[in-house]
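Have a look at my_file.cif below; it lists mmCIF, C-alpha atoms.
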```cif
data_my_file
loop_
_atom_site.label_atom_id
_atom_site.label_comp_id
_atom_site.auth_asym_id
_atom_site.auth_seq_id
_atom_site.Cartn_x
_atom_site.Cartn_y
_atom_site.Cartn_z
CA MET C 1 -45.12 -23.67 13.48
CA LYS C 2 -48.59 -22.18 13.05
CA ARG C 3 -47.22 -19.77 10.54
CA LEU C 4 -45.52 -22.57 8.60
CA LEU C 5 -48.78 -24.51 8.49
CA LEU C 6 -50.58 -21.45 7.16
CA VAL C 7 -47.97 -21.04 4.43
CA ILE C 8 -48.34 -24.69 3.42
CA VAL C 9 -52.13 -24.44 3.32
CA MET C 10 -51.92 -21.25 1.26
CA ALA C 11 -49.48 -22.93 -1.13
CA LEU C 12 -51.80 -25.91 -1.53
CA ILE C 13 -54.76 -23.63 -2.28
CA ALA C 14 -52.72 -21.67 -4.80
CA ALA C 15 -51.59 -24.88 -6.50
CA SER C 16 -55.10 -26.27 -6.75
CA CYS C 17 -56.41 -23.02 -8.20
CA GLY C 18 -53.56 -22.74 -10.67
CA GLY C 19 -54.48 -25.93 -12.49
CA ASP C 20 -56.34 -24.16 -15.26
CA GLY C 21 -54.04 -21.16 -15.33
CA GLY C 22 -56.98 -18.90 -14.57
CA ILE C 23 -58.38 -19.46 -18.07
CA GLU C 24 -61.98 -18.47 -18.53
CA ILE C 25 -63.94 -19.11 -21.70
CA ASP C 26 -67.10 -17.17 -22.31
CA ASP C 27 -69.85 -18.04 -24.80
CA PRO C 28 -68.16 -20.56 -27.13
CA TRP C 29 -70.43 -20.85 -30.20
CA ALA C 30 -70.52 -21.77 -33.85
CA ARG C 31 -73.03 -20.72 -36.46
CA SER C 32 -75.24 -23.46 -37.86
CA SER C 33 -73.97 -24.33 -41.31
CA ALA C 34 -75.82 -23.62 -44.52
CA ARG C 35 -76.72 -26.54 -46.73
CA MET C 36 -73.59 -27.67 -48.60
CA GLN C 37 -71.35 -25.42 -46.52
CA ASN C 38 -68.33 -27.57 -45.72
CA ALA C 39 -66.42 -25.26 -43.40
CA GLY C 40 -67.37 -23.67 -40.11
CA ALA C 41 -66.09 -21.18 -37.58
CA VAL C 42 -66.03 -21.21 -33.78
CA TYR C 43 -66.12 -18.02 -31.73
CA MET C 44 -65.60 -17.27 -28.02
CA THR C 45 -64.06 -14.84 -25.56
CA ILE C 46 -61.00 -15.97 -23.60
CA THR C 47 -59.49 -14.41 -20.50
CA ALA C 48 -56.46 -15.55 -18.49
CA ASP C 49 -55.56 -14.20 -15.04
CA ASP C 50 -51.88 -13.89 -15.83
CA GLY C 51 -52.12 -13.81 -19.60
CA ASP C 52 -51.45 -16.80 -21.82
CA THR C 53 -51.11 -17.79 -25.45
CA LEU C 54 -53.49 -19.98 -27.41
CA THR C 55 -51.20 -22.20 -29.46
CA GLY C 56 -53.41 -24.93 -30.85
CA VAL C 57 -56.87 -26.36 -31.31
CA ALA C 58 -58.32 -29.78 -32.04
CA VAL C 59 -61.76 -31.27 -32.72
CA ASP C 60 -62.90 -34.84 -33.01
CA SER C 61 -63.08 -36.21 -36.56
CA SER C 62 -66.81 -36.76 -36.03
CA VAL C 63 -67.13 -32.95 -36.19
CA ALA C 64 -64.56 -31.89 -38.77
CA MET C 65 -61.44 -33.22 -40.42
CA MET C 66 -59.31 -30.44 -38.97
CA ALA C 67 -59.43 -27.30 -36.87
CA GLU C 68 -57.05 -24.38 -37.23
CA LEU C 69 -56.46 -20.98 -35.67
CA HIS C 70 -57.43 -18.41 -38.30
CA GLU C 71 -57.66 -14.69 -38.70
CA THR C 72 -59.76 -12.80 -41.21
CA GLN C 73 -58.12 -9.59 -42.30
CA MET C 74 -59.01 -6.83 -44.69
CA SER C 75 -56.39 -5.87 -47.28
CA ASP C 76 -55.60 -2.32 -48.35
CA GLU C 77 -57.69 -2.97 -51.45
CA GLY C 78 -60.72 -3.81 -49.29
CA THR C 79 -60.79 -7.56 -49.88
CA MET C 80 -61.19 -9.87 -46.89
CA ALA C 81 -59.20 -13.08 -46.62
CA MET C 82 -58.41 -15.66 -43.95
CA GLN C 83 -55.02 -16.88 -42.90
CA GLU C 84 -53.85 -19.49 -40.50
CA VAL C 85 -52.03 -17.96 -37.53
CA PRO C 86 -49.51 -19.81 -35.30
CA ASN C 87 -50.98 -18.51 -32.04
CA MET C 88 -53.19 -15.89 -30.41
CA ALA C 89 -52.22 -13.86 -27.34
CA VAL C 90 -54.55 -13.64 -24.34
CA PRO C 91 -53.54 -10.40 -22.59
CA ALA C 92 -53.32 -10.43 -18.77
CA ASP C 93 -55.41 -7.29 -18.45
CA GLY C 94 -57.83 -7.88 -21.28
CA GLU C 95 -59.48 -10.55 -23.35
CA LEU C 96 -58.98 -12.42 -26.59
CA ASN C 97 -62.08 -12.13 -28.73
CA LEU C 98 -62.75 -14.73 -31.37
CA GLU C 99 -65.50 -13.10 -33.40
CA PRO C 100 -66.91 -12.87 -36.94
CA GLY C 101 -64.52 -11.03 -39.25
CA GLY C 102 -61.51 -11.45 -36.96
CA PHE C 103 -59.81 -14.24 -35.03
CA HIS C 104 -61.71 -17.53 -35.16
CA ILE C 105 -61.26 -21.29 -35.12
CA MET C 106 -61.85 -22.67 -38.58
CA LEU C 107 -63.42 -26.11 -38.90
CA MET C 108 -62.37 -27.69 -42.17
CA GLN C 109 -64.39 -30.34 -43.98
CA LEU C 110 -67.31 -30.69 -41.62
CA ALA C 111 -68.25 -34.33 -41.08
CA GLU C 112 -71.91 -33.37 -40.73
CA PRO C 113 -73.83 -30.09 -40.93
CA LEU C 114 -73.71 -28.04 -37.73
CA GLU C 115 -77.28 -27.84 -36.54
CA SER C 116 -78.79 -25.36 -34.15
CA GLY C 117 -78.92 -26.82 -30.62
CA ASP C 118 -75.99 -29.21 -31.15
CA THR C 119 -72.94 -28.98 -28.92
CA PHE C 120 -69.48 -30.38 -29.55
CA PRO C 121 -66.21 -30.29 -27.64
CA VAL C 122 -63.17 -28.35 -28.81
CA THR C 123 -59.76 -28.82 -27.19
CA LEU C 124 -57.75 -25.64 -26.85
CA THR C 125 -54.04 -25.77 -26.07
CA PHE C 126 -52.48 -22.91 -24.12
CA GLU C 127 -48.78 -22.29 -23.64
CA ASN C 128 -49.09 -22.13 -19.83
CA ALA C 129 -52.44 -23.64 -18.94
CA GLY C 130 -52.13 -26.66 -21.20
CA GLU C 131 -55.26 -28.26 -22.61
CA VAL C 132 -58.69 -26.83 -21.93
CA VAL C 133 -61.82 -28.50 -23.32
CA VAL C 134 -64.85 -26.32 -24.05
CA ASP C 135 -68.33 -27.25 -25.21
CA VAL C 136 -69.31 -25.24 -28.24
CA GLU C 137 -72.98 -24.43 -28.77
CA VAL C 138 -74.32 -24.34 -32.32
CA ARG C 139 -76.87 -21.65 -33.02
CA GLU C 140 -78.37 -19.86 -35.97
CA GLU C 141 -77.02 -16.36 -35.37
CA MET P 1 -65.57 4.78 -55.59
CA LEU P 2 -67.34 4.53 -52.25
CA THR P 3 -68.54 7.71 -50.65
CA ARG P 4 -67.21 7.82 -47.16
CA PRO P 5 -67.34 10.83 -44.88
CA SER P 6 -63.76 10.77 -43.67
CA THR P 7 -62.49 14.35 -43.55
CA PRO P 8 -62.64 16.23 -40.24
CA ARG P 9 -64.78 18.93 -41.88
CA VAL P 10 -67.76 16.62 -42.08
CA LEU P 11 -67.55 15.68 -38.40
CA PRO P 12 -69.82 18.50 -37.16
CA LEU P 13 -72.28 17.58 -39.91
CA LEU P 14 -72.18 13.95 -38.84
CA ILE P 15 -72.79 14.91 -35.23
CA ALA P 16 -75.71 17.06 -36.31
CA LEU P 17 -77.11 14.22 -38.42
CA ALA P 18 -76.64 11.72 -35.62
CA THR P 19 -78.37 14.07 -33.19
CA ALA P 20 -81.20 14.58 -35.67
CA ALA P 21 -81.48 10.81 -36.12
CA ILE P 22 -81.68 10.28 -32.37
CA VAL P 23 -84.31 12.99 -32.03
CA LEU P 24 -86.30 11.54 -34.93
CA SER P 25 -86.08 8.01 -33.60
CA ALA P 26 -87.29 9.28 -30.25
CA CYS P 27 -90.42 10.43 -32.04
CA GLY P 28 -91.24 6.81 -32.77
CA ASP P 29 -90.55 6.92 -36.50
CA SER P 30 -89.09 3.49 -37.24
CA ILE P 31 -88.03 4.30 -40.81
CA PRO P 32 -84.74 6.20 -40.71
CA ALA P 33 -84.38 9.51 -42.52
CA GLU P 34 -80.94 8.41 -43.64
CA PRO P 35 -79.96 4.82 -44.33
CA ALA P 36 -77.10 3.14 -42.48
CA GLY P 37 -75.77 1.70 -45.75
CA ILE P 38 -73.61 3.55 -48.22
CA LEU P 39 -75.31 5.64 -50.91
CA ARG P 40 -73.18 5.76 -54.05
CA ASP P 41 -73.57 8.76 -56.32
CA PRO P 42 -74.13 8.24 -59.16
CA ALA P 43 -75.77 4.90 -58.40
CA PRO P 44 -73.92 2.20 -60.38
CA VAL P 45 -76.13 0.50 -62.96
CA VAL P 46 -75.87 -3.30 -62.78
CA GLY P 47 -79.18 -4.30 -64.37
CA ASP P 48 -77.41 -5.42 -67.52
CA VAL P 49 -75.07 -7.78 -65.64
CA GLU P 50 -76.15 -11.22 -66.82
CA LEU P 51 -74.98 -14.55 -65.42
CA PRO P 52 -76.28 -18.12 -65.62
CA ASP P 53 -78.65 -18.92 -62.74
CA ALA P 54 -77.73 -22.37 -61.43
CA SER P 55 -80.96 -22.45 -59.41
CA ASN P 56 -82.92 -22.25 -62.69
CA GLY P 57 -81.12 -24.68 -64.96
CA GLY P 58 -78.50 -22.15 -66.01
CA VAL P 59 -80.98 -19.73 -67.60
CA THR P 60 -79.46 -16.26 -67.85
CA PHE P 61 -80.42 -13.96 -64.98
CA ALA P 62 -79.99 -10.20 -65.09
CA THR P 63 -79.17 -8.65 -61.69
CA ARG P 64 -82.18 -6.39 -61.51
CA ALA P 65 -85.07 -6.60 -59.04
CA GLN P 66 -88.59 -7.46 -60.12
CA ASP P 67 -91.03 -4.56 -60.00
CA ASP P 68 -91.55 -3.39 -56.40
CA HIS P 69 -88.88 -5.79 -55.14
CA VAL P 70 -85.35 -5.34 -53.81
CA LEU P 71 -82.66 -7.70 -55.05
CA LEU P 72 -79.83 -8.25 -52.58
CA VAL P 73 -76.60 -9.31 -54.28
CA TYR P 74 -73.62 -10.93 -52.60
CA PHE P 75 -70.30 -12.12 -54.03
CA GLY P 76 -69.13 -15.11 -51.96
CA PHE P 77 -68.36 -18.82 -51.99
CA THR P 78 -69.55 -21.84 -50.07
CA SER P 79 -66.18 -22.80 -48.50
CA CYS P 80 -66.17 -19.46 -46.69
CA PRO P 81 -66.59 -20.23 -42.97
CA ASP P 82 -66.49 -16.80 -41.37
CA VAL P 83 -67.27 -13.75 -43.50
CA CYS P 84 -69.98 -15.04 -45.88
CA PRO P 85 -72.16 -16.87 -43.33
CA THR P 86 -71.95 -13.87 -41.00
CA THR P 87 -73.39 -11.50 -43.59
CA LEU P 88 -75.84 -13.99 -45.09
CA ALA P 89 -77.18 -15.02 -41.67
CA ASP P 90 -77.72 -11.33 -40.96
CA VAL P 91 -79.61 -11.09 -44.26
CA ARG P 92 -81.80 -14.02 -43.24
CA ARG P 93 -82.53 -12.44 -39.89
CA ALA P 94 -83.11 -8.99 -41.37
CA VAL P 95 -85.63 -10.36 -43.88
CA ARG P 96 -87.43 -12.33 -41.16
CA GLU P 97 -87.81 -9.19 -39.12
CA LEU P 98 -89.48 -7.28 -41.94
CA ASP P 99 -93.26 -7.21 -42.17
CA GLU P 100 -94.40 -10.28 -44.08
CA GLY P 101 -95.56 -8.22 -47.05
CA LEU P 102 -92.17 -6.58 -47.40
CA ALA P 103 -90.19 -9.77 -46.77
CA ALA P 104 -91.91 -11.36 -49.77
CA ARG P 105 -90.51 -8.53 -51.89
CA VAL P 106 -86.85 -9.22 -51.01
CA ASP P 107 -84.85 -11.54 -53.25
CA LEU P 108 -81.25 -12.67 -52.94
CA ALA P 109 -78.64 -13.52 -55.56
CA VAL P 110 -75.38 -15.15 -54.47
CA ILE P 111 -72.63 -14.90 -57.09
CA THR P 112 -69.84 -17.42 -56.52
CA VAL P 113 -66.28 -16.16 -56.93
CA ASP P 114 -65.10 -19.78 -56.63
CA PRO P 115 -66.90 -21.60 -59.47
CA ASP P 116 -64.29 -24.38 -59.60
CA ARG P 117 -65.39 -25.67 -56.19
CA ASP P 118 -68.99 -24.44 -56.15
CA ASP P 119 -70.97 -26.56 -58.57
CA ALA P 120 -74.57 -25.73 -59.50
CA ALA P 121 -76.25 -27.94 -56.89
CA THR P 122 -73.90 -26.88 -54.09
CA LEU P 123 -74.34 -23.19 -54.77
CA THR P 124 -78.11 -23.44 -55.13
CA ALA P 125 -78.56 -25.31 -51.83
CA TYR P 126 -76.23 -22.86 -50.12
CA ALA P 127 -77.89 -19.69 -51.43
CA GLN P 128 -81.40 -20.92 -50.66
CA THR P 129 -80.46 -21.64 -47.04
CA TRP P 130 -80.48 -17.92 -46.43
CA VAL P 131 -83.44 -16.70 -48.47
CA PRO P 132 -85.98 -19.14 -49.98
CA GLY P 133 -85.85 -19.11 -53.77
CA ALA P 134 -82.49 -17.31 -53.86
CA HIS P 135 -80.70 -17.14 -57.20
CA ALA P 136 -77.37 -18.99 -57.48
CA LEU P 137 -75.28 -17.23 -60.09
CA ARG P 138 -72.33 -19.17 -61.42
CA THR P 139 -70.26 -18.87 -64.56
CA ASP P 140 -67.28 -20.83 -65.85
CA ASP P 141 -66.24 -17.81 -67.91
CA PRO P 142 -63.66 -15.87 -65.87
CA ALA P 143 -64.12 -12.76 -68.03
CA ALA P 144 -67.88 -12.73 -67.38
CA LEU P 145 -67.33 -13.07 -63.62
CA ARG P 146 -64.74 -10.31 -63.63
CA ALA P 147 -67.02 -8.01 -65.65
CA ALA P 148 -69.87 -8.64 -63.20
CA ALA P 149 -67.63 -7.84 -60.22
CA ASP P 150 -66.33 -4.70 -61.92
CA ALA P 151 -69.86 -3.44 -62.50
CA TYR P 152 -70.50 -3.68 -58.75
CA GLY P 153 -67.09 -2.42 -57.71
CA ALA P 154 -66.46 -5.83 -56.16
CA ASP P 155 -63.14 -7.68 -56.23
CA TYR P 156 -61.82 -11.17 -55.59
CA ALA P 157 -58.62 -13.18 -55.91
CA ILE P 158 -58.09 -16.91 -55.73
CA GLN P 159 -54.62 -18.23 -54.95
CA THR P 160 -53.09 -21.53 -53.99
CA ASN P 161 -50.64 -21.22 -51.11
CA ASP P 162 -47.39 -23.12 -50.57
CA GLU P 163 -49.24 -25.95 -48.84
CA GLY P 164 -51.62 -26.37 -51.75
CA ASP P 165 -54.59 -24.81 -49.94
CA ILE P 166 -56.90 -22.60 -51.96
CA GLU P 167 -57.11 -19.10 -50.50
CA VAL P 168 -59.92 -16.83 -51.55
CA GLY P 169 -59.91 -13.10 -50.93
CA HIS P 170 -63.02 -11.11 -51.73
CA THR P 171 -64.73 -7.84 -51.00
CA ALA P 172 -67.56 -8.53 -48.60
CA PHE P 173 -70.17 -5.92 -49.43
CA LEU P 174 -73.87 -6.58 -49.73
CA TYR P 175 -75.70 -4.66 -52.45
CA ALA P 176 -79.34 -3.65 -52.80
CA VAL P 177 -80.46 -3.36 -56.43
CA ASP P 178 -83.80 -1.86 -57.48
CA SER P 179 -86.07 -2.71 -60.41
CA ALA P 180 -84.28 -0.14 -62.59
CA GLY P 181 -81.09 -2.13 -62.06
CA ARG P 182 -79.38 0.53 -59.94
CA ILE P 183 -77.37 -0.18 -56.77
CA ARG P 184 -79.38 1.78 -54.24
CA LEU P 185 -77.39 0.85 -51.14
CA THR P 186 -74.10 -0.88 -50.36
CA TRP P 187 -73.51 -2.35 -46.90
CA PRO P 188 -70.02 -3.12 -45.57
CA PHE P 189 -69.21 -6.32 -43.68
CA GLY P 190 -70.39 -6.15 -40.09
CA THR P 191 -73.50 -4.03 -40.69
CA PRO P 192 -75.92 -5.04 -37.89
CA HIS P 193 -79.00 -6.94 -39.04
CA GLU P 194 -81.23 -4.26 -37.46
CA ASP P 195 -79.70 -1.74 -39.88
CA LEU P 196 -80.32 -4.05 -42.84
CA THR P 197 -83.96 -4.32 -41.83
CA SER P 198 -84.47 -0.60 -41.36
CA ASP P 199 -82.59 0.19 -44.57
CA MET P 200 -84.82 -2.15 -46.56
CA GLU P 201 -87.84 -0.43 -45.01
CA TYR P 202 -86.25 2.84 -46.06
CA LEU P 203 -85.86 1.62 -49.65
CA PHE P 204 -89.44 0.37 -49.87
CA ASN P 205 -90.61 3.66 -48.41
CA GLU P 206 -88.58 5.61 -50.98
CA GLY P 207 -89.84 3.40 -53.79
CA VAL P 208 -87.96 0.66 -55.56
#
```

Can you give me the file's structure in the form of C-alpha cells?
Amino acid sequence: MKRLLLVIVMALIAASCGGDGGIEIDDPWARSSARMQNAGAVYMTITADDGDTLTGVAVDSSVAMMAELHETQMSDEGTMAMQEVPNMAVPADGELNLEPGGFHIMLMQLAEPLESGDTFPVTLTFENAGEVVVDVEVREE
Amino acid sequence: MLTRPSTPRVLPLLIALATAAIVLSACGDSIPAEPAGILRDPAPVVGDVELPDASNGGVTFATRAQDDHVLLVYFGFTSCPDVCPTTLADVRRAVRELDEGLAARVDLAVITVDPDRDDAATLTAYAQTWVPGAHALRTDDPAALRAAADAYGADYAIQTNDEGDIEVGHTAFLYAVDSAGRIRLTWPFGTPHEDLTSDMEYLFNEGV
C-alpha cells in the first residue's frame, strides 16, 4: 500500500512537471527597429528536456501584422536570403538557437517601431509542449 | 574575387600570424597589425560609382570618402529584418566606440537594392538611424544599380514567390572606401563590432 501511494505521488509530480514539456527559453530579444523599418526579427535560445519541434508562432496585431518562422541562408553565390520554414527542431541533447543570420522569427509589418526597453509577448507553438508564451525584450544590440 | 586563405598550406602561416597577433595584443597595442576584414588585391576602385543621394535631394553622390574620412558602404533594403539591421547596428556600435575625433571621420552610404519599395524619405530615415548624416543612395535605373554592385563585387536578386511575397537576396558585405575611392577593407556578415572598430582604427592609422 505504501509503495502504491509512493507511485501515485511520483506520477502526480511527473504530470505536474510535464505541463510545459521541459521547454526552456533563454534570452528572447528583438533589435530595436530603425526609423521606417517595417519588419523585425526575434531571437532566443530554446531547449527541451525530451526534444520538441517548434511548429508555429503568433504575435498580437498591436505588435505586427504577422509572425513567421524564418531562416536566413547563404547561397553558393554568396547572397543571403530569408525563407519561411515549416518548423524548427529542438534537439533533446542540445539547443535551438534563433540568432542573427540564421533561424529567427520574422515580424512582418510592424504596427509601431520596436523601441529599446519595450517588451511584448510572443506565443510559440510546440508539437509536444503546446503553446508557450514568452516576453520578448527590445534592445538596441 | 575575394582573397580567402583556404588551402591547408596557409594554415601554419595563419597560426603564426594568430600567435603574433596574440603576442602583440598582449603588449597593449590596441591597433592590430593585420585587420580582421578582407584585404582585396588589387583594391577595387569604386570612386567613380555615382548614384543619386536621396538624403540630399537626389544630387549625384560618388562613393568616395572625403579627405581623411572613411566611407562605409552597404547594399541593403529597409524591409530586411535580420541581416541588414544586424550589420548596421554593429556599424553604429563600432562608430560609437571609436574616439570622438575618429568617429566624426566615418561616413555611411546605404545603397538600396529594393528601390521599388524604398522611397527617398524611407531610405533616408533608415540610413540615418545608424550613422547621423548617412547618405541614402537610390536609383530607379536598374542598369546603374547593377553597375554599382558590379564595381563592388556585390550581388542581389529580387523575386516574387508563389504567394506573391517579394523575396530579396543580397550579398551582405560591408565595404570601407578611402578618399582615393579604393575599397580598403571588406567585412563579411557577422564580423564582430569590436573588429569593425579596431579595423577602422587600423585604416586611420595607415592613412585614408

Atom-to-atom span, atom CA of P:Leu203 and atom CA of P:Asp82, Å: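 We find that atom CA of P:Leu203 and atom CA of P:Asp82 lie 28.0 Å from each other.
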
Please build the interface table for chain P against chain C with a cut-off of 6 Å, listing for each qualifying residue the nearest atom pair and the distance in Å to one decimal; count all atoms listed in the file, order rows by chain and increasing number, and write it as JSON lines.
```
{"residue": "P:Thr78", "atom": "CA", "partner": "C:Gln37", "partner_atom": "CA", "distance": 5.4}
{"residue": "P:Ser79", "atom": "CA", "partner": "C:Ala39", "partner_atom": "CA", "distance": 5.7}
{"residue": "P:Pro81", "atom": "CA", "partner": "C:Gly40", "partner_atom": "CA", "distance": 4.5}
{"residue": "P:Asp82", "atom": "CA", "partner": "C:Ala41", "partner_atom": "CA", "distance": 5.8}
{"residue": "P:Val83", "atom": "CA", "partner": "C:Gly101", "partner_atom": "CA", "distance": 5.7}
{"residue": "P:Thr122", "atom": "CA", "partner": "C:Met36", "partner_atom": "CA", "distance": 5.6}
{"residue": "P:Ala125", "atom": "CA", "partner": "C:Arg35", "partner_atom": "CA", "distance": 5.6}
{"residue": "P:Tyr126", "atom": "CA", "partner": "C:Arg35", "partner_atom": "CA", "distance": 5.0}
{"residue": "P:Thr129", "atom": "CA", "partner": "C:Ala34", "partner_atom": "CA", "distance": 5.6}
{"residue": "P:Gly169", "atom": "CA", "partner": "C:Ala81", "partner_atom": "CA", "distance": 4.4}
{"residue": "P:His170", "atom": "CA", "partner": "C:Thr79", "partner_atom": "CA", "distance": 4.6}
{"residue": "P:Thr171", "atom": "CA", "partner": "C:Thr79", "partner_atom": "CA", "distance": 4.1}
```

Produce a table with one row for each residue of stretch 89-167 of chain P that has an atom at most 10 Å from any atom of stretch 46-61 of chain P, each row naming the nearest atom pair and its distance in Å at one decimal; use all atoms listed in the file; arrange rows by chain and rising residue number; format as a Markdown table.
```
| residue | atom | partner | partner_atom | distance |
| --- | --- | --- | --- | --- |
| P:Ala109 | CA | P:Asp53 | CA | 9.0 |
| P:Val110 | CA | P:Asp53 | CA | 9.7 |
| P:Ile111 | CA | P:Leu51 | CA | 8.7 |
| P:Asp119 | CA | P:Ala54 | CA | 8.5 |
| P:Ala120 | CA | P:Ala54 | CA | 5.0 |
| P:Ala121 | CA | P:Ala54 | CA | 7.3 |
| P:Thr122 | CA | P:Ala54 | CA | 9.4 |
| P:Leu123 | CA | P:Ala54 | CA | 7.5 |
| P:Thr124 | CA | P:Ser55 | CA | 5.2 |
| P:Ala125 | CA | P:Ser55 | CA | 8.4 |
| P:Ala127 | CA | P:Ser55 | CA | 9.0 |
| P:Gln128 | CA | P:Ser55 | CA | 8.9 |
| P:Gly133 | CA | P:Ser55 | CA | 8.2 |
| P:Ala134 | CA | P:Ser55 | CA | 7.7 |
| P:His135 | CA | P:Ser55 | CA | 5.8 |
| P:Ala136 | CA | P:Ala54 | CA | 5.2 |
| P:Leu137 | CA | P:Asp53 | CA | 4.6 |
| P:Arg138 | CA | P:Pro52 | CA | 5.9 |
| P:Thr139 | CA | P:Pro52 | CA | 6.2 |
| P:Asp140 | CA | P:Pro52 | CA | 9.4 |
| P:Asp141 | CA | P:Leu51 | CA | 9.7 |
| P:Ala144 | CA | P:Leu51 | CA | 7.6 |
| P:Leu145 | CA | P:Leu51 | CA | 8.0 |
| P:Ala147 | CA | P:Val49 | CA | 8.1 |
| P:Ala148 | CA | P:Val49 | CA | 5.8 |
| P:Ala149 | CA | P:Val49 | CA | 9.2 |
| P:Asp150 | CA | P:Val46 | CA | 9.7 |
| P:Ala151 | CA | P:Val46 | CA | 6.0 |
| P:Tyr152 | CA | P:Val46 | CA | 6.7 |
```

What does the distance from atom CA of C:Asp26 to atom CA of C:Glu84 come to in Å, to one decimal?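 Atom-to-atom, atom CA of C:Asp26 and atom CA of C:Glu84 are spaced 22.6 Å apart.
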
Quick one: which residues end up in the PyMOL selection byres ((chain C and resi 132) around 10) for this structure, as a PDB file with C-alpha atoms, in the coordinates of the input?
```pdb
ATOM      1  CA  ASP C  20     -56.340 -24.160 -15.260  1.00  0.00           C
ATOM      2  CA  GLY C  21     -54.040 -21.160 -15.330  1.00  0.00           C
ATOM      3  CA  ILE C  23     -58.380 -19.460 -18.070  1.00  0.00           C
ATOM      4  CA  GLU C  24     -61.980 -18.470 -18.530  1.00  0.00           C
ATOM      5  CA  ILE C  25     -63.940 -19.110 -21.700  1.00  0.00           C
ATOM      6  CA  VAL C  57     -56.870 -26.360 -31.310  1.00  0.00           C
ATOM      7  CA  VAL C 122     -63.170 -28.350 -28.810  1.00  0.00           C
ATOM      8  CA  THR C 123     -59.760 -28.820 -27.190  1.00  0.00           C
ATOM      9  CA  LEU C 124     -57.750 -25.640 -26.850  1.00  0.00           C
ATOM     10  CA  THR C 125     -54.040 -25.770 -26.070  1.00  0.00           C
ATOM     11  CA  PHE C 126     -52.480 -22.910 -24.120  1.00  0.00           C
ATOM     12  CA  ALA C 129     -52.440 -23.640 -18.940  1.00  0.00           C
ATOM     13  CA  GLY C 130     -52.130 -26.660 -21.200  1.00  0.00           C
ATOM     14  CA  GLU C 131     -55.260 -28.260 -22.610  1.00  0.00           C
ATOM     15  CA  VAL C 133     -61.820 -28.500 -23.320  1.00  0.00           C
ATOM     16  CA  VAL C 134     -64.850 -26.320 -24.050  1.00  0.00           C
TER      17      VAL C 134
END
```

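Reported to one decimal place, the separation of atom CA of P:His69 from atom CA of P:Ala104 is 8.3 Å.
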
So that I can check the surroundings of P:Arg96, please list as a PyMOL selection string every protein, DNA and RNA residue that reaches within 12 Å of it, counting only C-alpha atoms and ignoring chain neighbours fewer than 4 positions away. chain P and resi 89-92+100-106+130-132+193-194+196-197+200

Nearest-residue call for C:Pro91, choices C:Pro113, C:Gly51, C:Pro28, C:Gly22, using all atoms listed in the file: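 Of all the options, C:Gly51 lies closest to C:Pro91.
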
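Proximity to P:Pro35 at 8 Å, evaluated using all atoms listed in the file and with sequence-adjacent residues fewer than 4 positions away removed, yields Asp195, Ser198, Asp199 and Tyr202 of chain P.
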
Tell me, as a PDB file with C-alpha atoms, in the frame of the given file, which residues lie within 8 Å of C:Gly117, counting all atoms listed in the file; anything in the same chain fewer than 3 positions away does not count.
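Generated output (result-v4.pdb):
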```
ATOM      1  CA  GLU C 137     -72.980 -24.430 -28.770  1.00  0.00           C
ATOM      2  CA  VAL C 138     -74.320 -24.340 -32.320  1.00  0.00           C
ATOM      3  CA  ARG C 139     -76.870 -21.650 -33.020  1.00  0.00           C
TER       4      ARG C 139
END
```

Distance criterion (all atoms listed in the file): nearest to C:Leu98 out of C:Leu69, C:Val63, C:Ala58, C:Leu110: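 Nearest to C:Leu98: C:Leu69.
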
Because the input lacks atoms here, generate N, CA, C and O atoms for stretch 34-42 of chain P and report them as an mmCIF file, keeping the file's coordinate frame.
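Saved result, result31.cif, follows:
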```cif
data_model
loop_
_atom_site.group_PDB
_atom_site.id
_atom_site.type_symbol
_atom_site.label_atom_id
_atom_site.label_comp_id
_atom_site.auth_asym_id
_atom_site.auth_seq_id
_atom_site.Cartn_x
_atom_site.Cartn_y
_atom_site.Cartn_z
ATOM 1 N N GLU P 34 -82.138 8.725 -42.861
ATOM 2 C CA GLU P 34 -80.940 8.410 -43.640
ATOM 3 C C GLU P 34 -80.624 6.941 -43.431
ATOM 4 O O GLU P 34 -80.648 6.458 -42.306
ATOM 5 N N PRO P 35 -80.287 6.237 -44.499
ATOM 6 C CA PRO P 35 -79.960 4.820 -44.330
ATOM 7 C C PRO P 35 -78.603 4.631 -43.677
ATOM 8 O O PRO P 35 -77.745 5.523 -43.735
ATOM 9 N N ALA P 36 -78.400 3.467 -43.065
ATOM 10 C CA ALA P 36 -77.100 3.140 -42.480
ATOM 11 C C ALA P 36 -76.108 2.717 -43.571
ATOM 12 O O ALA P 36 -74.914 2.929 -43.454
ATOM 13 N N GLY P 37 -76.626 2.143 -44.644
ATOM 14 C CA GLY P 37 -75.770 1.700 -45.750
ATOM 15 C C GLY P 37 -75.209 2.865 -46.532
ATOM 16 O O GLY P 37 -75.571 4.022 -46.319
ATOM 17 N N ILE P 38 -74.308 2.527 -47.450
ATOM 18 C CA ILE P 38 -73.610 3.550 -48.220
ATOM 19 C C ILE P 38 -74.411 3.870 -49.481
ATOM 20 O O ILE P 38 -74.796 2.983 -50.238
ATOM 21 N N LEU P 39 -74.667 5.174 -49.687
ATOM 22 C CA LEU P 39 -75.310 5.640 -50.910
ATOM 23 C C LEU P 39 -74.206 6.002 -51.886
ATOM 24 O O LEU P 39 -73.325 6.792 -51.555
ATOM 25 N N ARG P 40 -74.211 5.425 -53.069
ATOM 26 C CA ARG P 40 -73.180 5.760 -54.050
ATOM 27 C C ARG P 40 -73.788 6.683 -55.099
ATOM 28 O O ARG P 40 -74.893 6.466 -55.569
ATOM 29 N N ASP P 41 -73.044 7.748 -55.421
ATOM 30 C CA ASP P 41 -73.570 8.760 -56.320
ATOM 31 C C ASP P 41 -72.547 9.006 -57.429
ATOM 32 O O ASP P 41 -71.442 9.455 -57.119
ATOM 33 N N PRO P 42 -72.850 8.764 -58.682
ATOM 34 C CA PRO P 42 -74.130 8.240 -59.160
ATOM 35 C C PRO P 42 -74.280 6.761 -58.811
ATOM 36 O O PRO P 42 -73.279 6.065 -58.654
#
```
